Amino acid sequence: MLLSIIIPAYNAERYIKRTIESVLQQTYQLLQIIIVDDGSTDKTASILNWYAKKDNRIEIIHKENEGLSSARNAGLEKAIGNYVFFLDSDDWLEKNYLETCMEVLKKKRVDVLFTPYIREYKNRSMKTNLFDNSYIEFSKEMVQNKLLLRLFGPVDEEEKDPTKLDNFNTAWGKFYNRKIIKNIKFEPRNIVGLSEDLWFNINIFYFVNSAIYLGNVYLHYNKVNDESLVSTYHPELASTRKNVSQMMRNFARKYQLEKKFFEALNNRIVLLSFSDVLSVCHSNLNFEEKQHVCKQIIYDDMFRDALKAFSYKNMKFMWKIFYKLEEIGSTKLILLFVNLALNFRERVKRN
């Protein structure tokens with residue numbers, strides 16, 4: 001059974017060799033390896049060309065720089081495998097990862113199989129398990145009520161920790177039956193911002209009839225890049241988040257989804273405000289500028305409407321404080337609270 005692996009790459013010379021080697025060293029060998037060079041200006045293109053000469057399973061697409069979504073879509077057009085798997089250019093796989101997953105797919109032939117992953121920071125690794133059980137089979141009804149619902153937003157116990165909100169959203173770490181995704185494309189970042197994976201999966205999982213969670217193998221998700229970046233606040237990301245929320249609401253109406261999907265989306269809108277505020281705190285804006293941006297975030301009409309219907313009953317105490325401060329509207333206290341929390345976290349990590 002052929003597996004198509006799509007690897008988008010842009011200026012990835014520092015990490016791409018490790019990524020490719022982790023694929024070539026897999027115990028499962030029946031692969032179509034599509035690597036899309038998205039207009040790189042460093043040595044990425046020459047590295048890819050060298051690997052293509054080394055292994056005839058590798059196909060290279062060189063294209064103009066148009067972003068992650070465009071690169072993945074270019075890969076999808078070339079994919080001919082029974083299943084499609086996305087891998088980012090700085091992530092890597094354990095040696096038996098593909099074989100373990102493909103052996104299950106050979107037996108079960110489900111629409112989607114997905115796995116947990118390990119966040120790889122500079123000095124630590126952190127497992128991100130998506131469920132407590134190591135193996136779960138999902139029927140059509142379970143896909144709708146567990147997986148699609150989770151994409152829309154957290155409910156009940158899932159509301160406890162907003163940092164886990166997007167753990168399931170990723171396109172990587174999932175094996176998609178190519179028949180299921182053949183008519184689905186990734187939307188460009190100017191429309192969906194950083195939510196391209198979320199919107200892609202929503203459009204897929206609505207039509208998924210069966211899925212499997214395999215919790216005993218892990219993809220390695222490189223977070224070193226995220227830690228090393230000097231953050232700049234990008235105001236367009238807040239507007240694209242709002243755009244995606246409206247797209248999700250329209251999707252739920254179009255397919256007449258149950259009330260709980262709208263409630264989950266409402267929770268997502270509220271909890272996402274923490275990510276927006278956090279990006280402001282990490283930015284190089286001065287304190288007055290940060291206050292101004294935070295005010296725009298917490299007084300947004302869509303956010304205020306969602307906050308009115310939001311229940312705090314499942315939240316941990318510290319999170320309740322943060323969202324209550326947003327409800328009150330005190331930008332100064334919000335920024336001070338987040339900065340204190342960040343400083344505390346850094347001290348704990350050092351000790």
# chains A, B, ... in the order shown; residues from 1 in each chain; ligands from 1

call {"tool": "residues_around", "arguments": {"residues": "Trp92 of chain A", "least_positions_apart": "4", "cutoff": "9 Å", "atoms": "only C-alpha atoms", "output": "list in words"}}
result
Arg18, Thr19, Ile20, Glu21, Ser22, Val23, Leu87, Asp88, Leu219, His220, Tyr221 and Asn222 of chain A

call {"tool": "write_last_selection", "arguments": {"atoms": "N, CA and C atoms", "output": "PDB file, in the first residue's frame"}}
result
ATOM      1  N   ARG A  18      17.815  16.338   8.313  1.00  0.00           N
ATOM      2  CA  ARG A  18      17.339  15.448   9.377  1.00  0.00           C
ATOM      3  C   ARG A  18      15.943  14.915   9.059  1.00  0.00           C
ATOM      4  N   THR A  19      15.095  15.782   8.543  1.00  0.00           N
ATOM      5  CA  THR A  19      13.728  15.381   8.199  1.00  0.00           C
ATOM      6  C   THR A  19      13.729  14.312   7.110  1.00  0.00           C
ATOM      7  N   ILE A  20      14.466  14.566   6.037  1.00  0.00           N
ATOM      8  CA  ILE A  20      14.506  13.620   4.922  1.00  0.00           C
ATOM      9  C   ILE A  20      15.128  12.296   5.361  1.00  0.00           C
ATOM     10  N   GLU A  21      16.224  12.355   6.100  1.00  0.00           N
ATOM     11  CA  GLU A  21      16.881  11.134   6.562  1.00  0.00           C
ATOM     12  C   GLU A  21      15.944  10.290   7.428  1.00  0.00           C
ATOM     13  N   SER A  22      15.129  10.955   8.242  1.00  0.00           N
ATOM     14  CA  SER A  22      14.194  10.211   9.096  1.00  0.00           C
ATOM     15  C   SER A  22      13.154   9.470   8.272  1.00  0.00           C
ATOM     16  N   VAL A  23      12.855  10.006   7.079  1.00  0.00           N
ATOM     17  CA  VAL A  23      11.908   9.338   6.175  1.00  0.00           C
ATOM     18  C   VAL A  23      12.603   8.200   5.430  1.00  0.00           C
ATOM     19  N   LEU A  87       4.329  16.221   6.436  1.00  0.00           N
ATOM     20  CA  LEU A  87       5.435  16.337   7.380  1.00  0.00           C
ATOM     21  C   LEU A  87       6.108  17.681   7.160  1.00  0.00           C
ATOM     22  N   ASP A  88       6.279  18.453   8.218  1.00  0.00           N
ATOM     23  CA  ASP A  88       6.946  19.741   8.090  1.00  0.00           C
ATOM     24  C   ASP A  88       8.452  19.557   7.945  1.00  0.00           C
ATOM     25  N   LEU A 219       5.308  11.417  16.439  1.00  0.00           N
ATOM     26  CA  LEU A 219       6.016  12.309  15.531  1.00  0.00           C
ATOM     27  C   LEU A 219       6.772  13.323  16.390  1.00  0.00           C
ATOM     28  N   HIS A 220       7.938  13.752  15.937  1.00  0.00           N
ATOM     29  CA  HIS A 220       8.718  14.741  16.679  1.00  0.00           C
ATOM     30  C   HIS A 220       8.512  16.120  16.059  1.00  0.00           C
ATOM     31  N   TYR A 221       7.919  16.998  16.853  1.00  0.00           N
ATOM     32  CA  TYR A 221       7.517  18.340  16.415  1.00  0.00           C
ATOM     33  C   TYR A 221       8.533  19.351  16.926  1.00  0.00           C
ATOM     34  N   ASN A 222       9.294  19.931  16.022  1.00  0.00           N
ATOM     35  CA  ASN A 222      10.372  20.845  16.385  1.00  0.00           C
ATOM     36  C   ASN A 222       9.822  22.199  16.854  1.00  0.00           C
TER      37      ASN A 222
END

call {"tool": "closest_atom_pairs", "arguments": {"of": "segment 153-189 of chain A", "to": "segment 146-149 of chain A", "cutoff": "9 Å", "atoms": "only C-alpha atoms", "output": "CSV"}}
result
residue,atom,partner,partner_atom,distance
A:Gly153,CA,A:Leu149,CA,6.4
A:Pro154,CA,A:Leu149,CA,7.8
A:Val155,CA,A:Leu149,CA,8.5
A:Phe168,CA,A:Leu147,CA,8.4

call {"tool": "write_last_selection", "arguments": {"atoms": "N, CA and C atoms", "output": "PDB file, in the first residue's frame"}}
result
ATOM      1  N   GLY A 153     -14.192  23.311  18.923  1.00  0.00           N
ATOM      2  CA  GLY A 153     -13.809  23.952  20.178  1.00  0.00           C
ATOM      3  C   GLY A 153     -13.950  23.004  21.351  1.00  0.00           C
ATOM      4  N   PRO A 154     -13.453  23.420  22.504  1.00  0.00           N
ATOM      5  CA  PRO A 154     -13.498  22.564  23.692  1.00  0.00           C
ATOM      6  C   PRO A 154     -14.857  22.584  24.368  1.00  0.00           C
ATOM      7  N   VAL A 155     -15.219  21.457  24.962  1.00  0.00           N
ATOM      8  CA  VAL A 155     -16.440  21.375  25.755  1.00  0.00           C
ATOM      9  C   VAL A 155     -16.125  20.654  27.070  1.00  0.00           C
ATOM     10  N   PHE A 168      -5.132  19.122  18.505  1.00  0.00           N
ATOM     11  CA  PHE A 168      -5.641  18.147  17.529  1.00  0.00           C
ATOM     12  C   PHE A 168      -5.738  18.722  16.113  1.00  0.00           C
TER      13      PHE A 168
END

call {"tool": "closest_residue", "arguments": {"among": "A:Ala12, A:Leu151, A:Ala211, A:Leu333", "to": "Asp42 of chain A", "atoms": "only C-alpha atoms"}}
result
A:Ala12

call {"tool": "atom_distance", "arguments": {"atom1": "atom CA of Phe207 of chain A", "atom2": "atom CA of Leu194 of chain A"}}
result
22.9 Å

call {"tool": "closest_residue", "arguments": {"among": "A:Asn82, A:Ser69, A:Asn96, A:Asn314", "to": "Asn177 of chain A", "atoms": "only C-alpha atoms"}}
result
A:Asn82

call {"tool": "residues_around", "arguments": {"residues": "segment 301-305 of chain A", "least_positions_apart": "2", "cutoff": "9 Å", "atoms": "only C-alpha atoms", "output": "list in words"}}
result
Lys242, Asn266, Ile269, Val270, Ser273, Ile297, Ile298, Tyr299, Leu307, Lys308, Ala309, Phe310 and Glu327 of chain A

call {"tool": "write_last_selection", "arguments": {"atoms": "N, CA, C and O atoms", "output": "PDB file, in the first residue's frame"}}
result
ATOM      1  N   LYS A 242     -10.801  35.824  13.391  1.00  0.00           N
ATOM      2  CA  LYS A 242     -12.213  36.201  13.380  1.00  0.00           C
ATOM      3  C   LYS A 242     -12.882  35.708  12.096  1.00  0.00           C
ATOM      4  O   LYS A 242     -14.014  35.210  12.115  1.00  0.00           O
ATOM      5  N   ASN A 266     -18.114  28.891  20.275  1.00  0.00           N
ATOM      6  CA  ASN A 266     -18.164  30.016  21.196  1.00  0.00           C
ATOM      7  C   ASN A 266     -17.020  29.925  22.215  1.00  0.00           C
ATOM      8  O   ASN A 266     -16.324  30.917  22.493  1.00  0.00           O
ATOM      9  N   ILE A 269     -13.671  30.795  20.567  1.00  0.00           N
ATOM     10  CA  ILE A 269     -13.478  32.238  20.381  1.00  0.00           C
ATOM     11  C   ILE A 269     -12.982  32.884  21.666  1.00  0.00           C
ATOM     12  O   ILE A 269     -12.065  33.719  21.655  1.00  0.00           O
ATOM     13  N   VAL A 270     -13.560  32.478  22.789  1.00  0.00           N
ATOM     14  CA  VAL A 270     -13.142  33.037  24.080  1.00  0.00           C
ATOM     15  C   VAL A 270     -11.721  32.602  24.426  1.00  0.00           C
ATOM     16  O   VAL A 270     -10.859  33.432  24.744  1.00  0.00           O
ATOM     17  N   SER A 273      -8.479  34.076  22.793  1.00  0.00           N
ATOM     18  CA  SER A 273      -8.018  35.418  23.151  1.00  0.00           C
ATOM     19  C   SER A 273      -6.726  35.367  23.953  1.00  0.00           C
ATOM     20  O   SER A 273      -5.904  36.285  23.898  1.00  0.00           O
ATOM     21  N   ILE A 297      -8.467  43.611  21.201  1.00  0.00           N
ATOM     22  CA  ILE A 297      -8.768  42.180  21.278  1.00  0.00           C
ATOM     23  C   ILE A 297      -9.978  41.915  22.163  1.00  0.00           C
ATOM     24  O   ILE A 297     -10.921  41.219  21.774  1.00  0.00           O
ATOM     25  N   ILE A 298      -9.972  42.488  23.369  1.00  0.00           N
ATOM     26  CA  ILE A 298     -11.011  42.127  24.347  1.00  0.00           C
ATOM     27  C   ILE A 298     -12.304  42.911  24.187  1.00  0.00           C
ATOM     28  O   ILE A 298     -13.314  42.563  24.798  1.00  0.00           O
ATOM     29  N   TYR A 299     -12.278  43.972  23.353  1.00  0.00           N
ATOM     30  CA  TYR A 299     -13.518  44.708  23.102  1.00  0.00           C
ATOM     31  C   TYR A 299     -14.073  44.445  21.707  1.00  0.00           C
ATOM     32  O   TYR A 299     -15.010  45.119  21.281  1.00  0.00           O
ATOM     33  N   LEU A 307     -18.107  35.884  25.062  1.00  0.00           N
ATOM     34  CA  LEU A 307     -17.791  35.926  26.491  1.00  0.00           C
ATOM     35  C   LEU A 307     -19.062  35.967  27.346  1.00  0.00           C
ATOM     36  O   LEU A 307     -19.113  35.389  28.434  1.00  0.00           O
ATOM     37  N   LYS A 308     -20.093  36.628  26.846  1.00  0.00           N
ATOM     38  CA  LYS A 308     -21.360  36.712  27.583  1.00  0.00           C
ATOM     39  C   LYS A 308     -21.975  35.327  27.803  1.00  0.00           C
ATOM     40  O   LYS A 308     -22.618  35.080  28.830  1.00  0.00           O
ATOM     41  N   ALA A 309     -21.783  34.447  26.831  1.00  0.00           N
ATOM     42  CA  ALA A 309     -22.386  33.106  26.920  1.00  0.00           C
ATOM     43  C   ALA A 309     -21.429  32.070  27.494  1.00  0.00           C
ATOM     44  O   ALA A 309     -21.784  30.897  27.617  1.00  0.00           O
ATOM     45  N   PHE A 310     -20.237  32.497  27.865  1.00  0.00           N
ATOM     46  CA  PHE A 310     -19.206  31.564  28.313  1.00  0.00           C
ATOM     47  C   PHE A 310     -19.391  31.179  29.777  1.00  0.00           C
ATOM     48  O   PHE A 310     -19.682  32.014  30.622  1.00  0.00           O
ATOM     49  N   GLU A 327     -13.099  40.008  30.989  1.00  0.00           N
ATOM     50  CA  GLU A 327     -14.506  40.408  31.106  1.00  0.00           C
ATOM     51  C   GLU A 327     -14.622  41.801  31.712  1.00  0.00           C
ATOM     52  O   GLU A 327     -15.412  42.620  31.245  1.00  0.00           O
TER      53      GLU A 327
END

call {"tool": "residues_around", "arguments": {"residues": "segment 276-278 of chain A", "least_positions_apart": "5", "cutoff": "10 Å", "atoms": "only C-alpha atoms", "output": "NGL selection string"}}
result
:A and (233-235 or 237-238 or 241 or 271 or 283 or 290-291 or 293-295 or 297-298 or 331 or 334-335 or 338-339 or 342)

call {"tool": "residues_around", "arguments": {"residues": "Ile202 of chain A", "least_positions_apart": "2", "cutoff": "10 Å", "atoms": "only C-alpha atoms", "output": "list in words"}}
result
Leu147, Leu148, Leu149, Arg150, Leu151, Phe152, Asn169, Asp197, Leu198, Trp199, Phe200, Ile204, Phe205, Tyr206, Phe207, Met248 and Phe251 of chain A

call {"tool": "atom_distance", "arguments": {"atom1": "atom CA of Leu30 of chain A", "atom2": "atom CA of Met1 of chain A"}}
result
6.9 Å

call {"tool": "residues_around", "arguments": {"residues": "Thr100 of chain A", "least_positions_apart": "3", "cutoff": "12 Å", "atoms": "only C-alpha atoms", "output": "MDAnalysis selection string"}}
result
chainID A and resid 26:28 93:97 103:107 113:115 175 214:218

call {"tool": "atom_distance", "arguments": {"atom1": "atom CA of Leu31 of chain A", "atom2": "atom CA of Leu2 of chain A"}}
result
5.7 Å

call {"tool": "closest_residue", "arguments": {"among": "A:Lys160, A:Lys320, A:Arg268, A:Lys185", "to": "Arg72 of chain A", "atoms": "only C-alpha atoms"}}
result
A:Lys185

call {"tool": "select_by_dssp", "arguments": {"residues": "segment 19-220 of chain A", "states": "alpha helix (DSSP H)", "output": "number ranges by chain"}}
result
A: 19-24, 44-54, 68-78, 97-108, 140-142, 149-152, 178-181, 189-192, 196-205

call {"tool": "select_by_dssp", "arguments": {"residues": "segment 175-288 of chain A", "states": "strand (DSSP E or B)", "output": "list of chain:residue names"}}
result
A:Phe175, A:Tyr176, A:Asn177, A:Ala211, A:Ile212, A:Tyr213, A:Leu214, A:Leu219, A:His220, A:Tyr221, A:Asn222
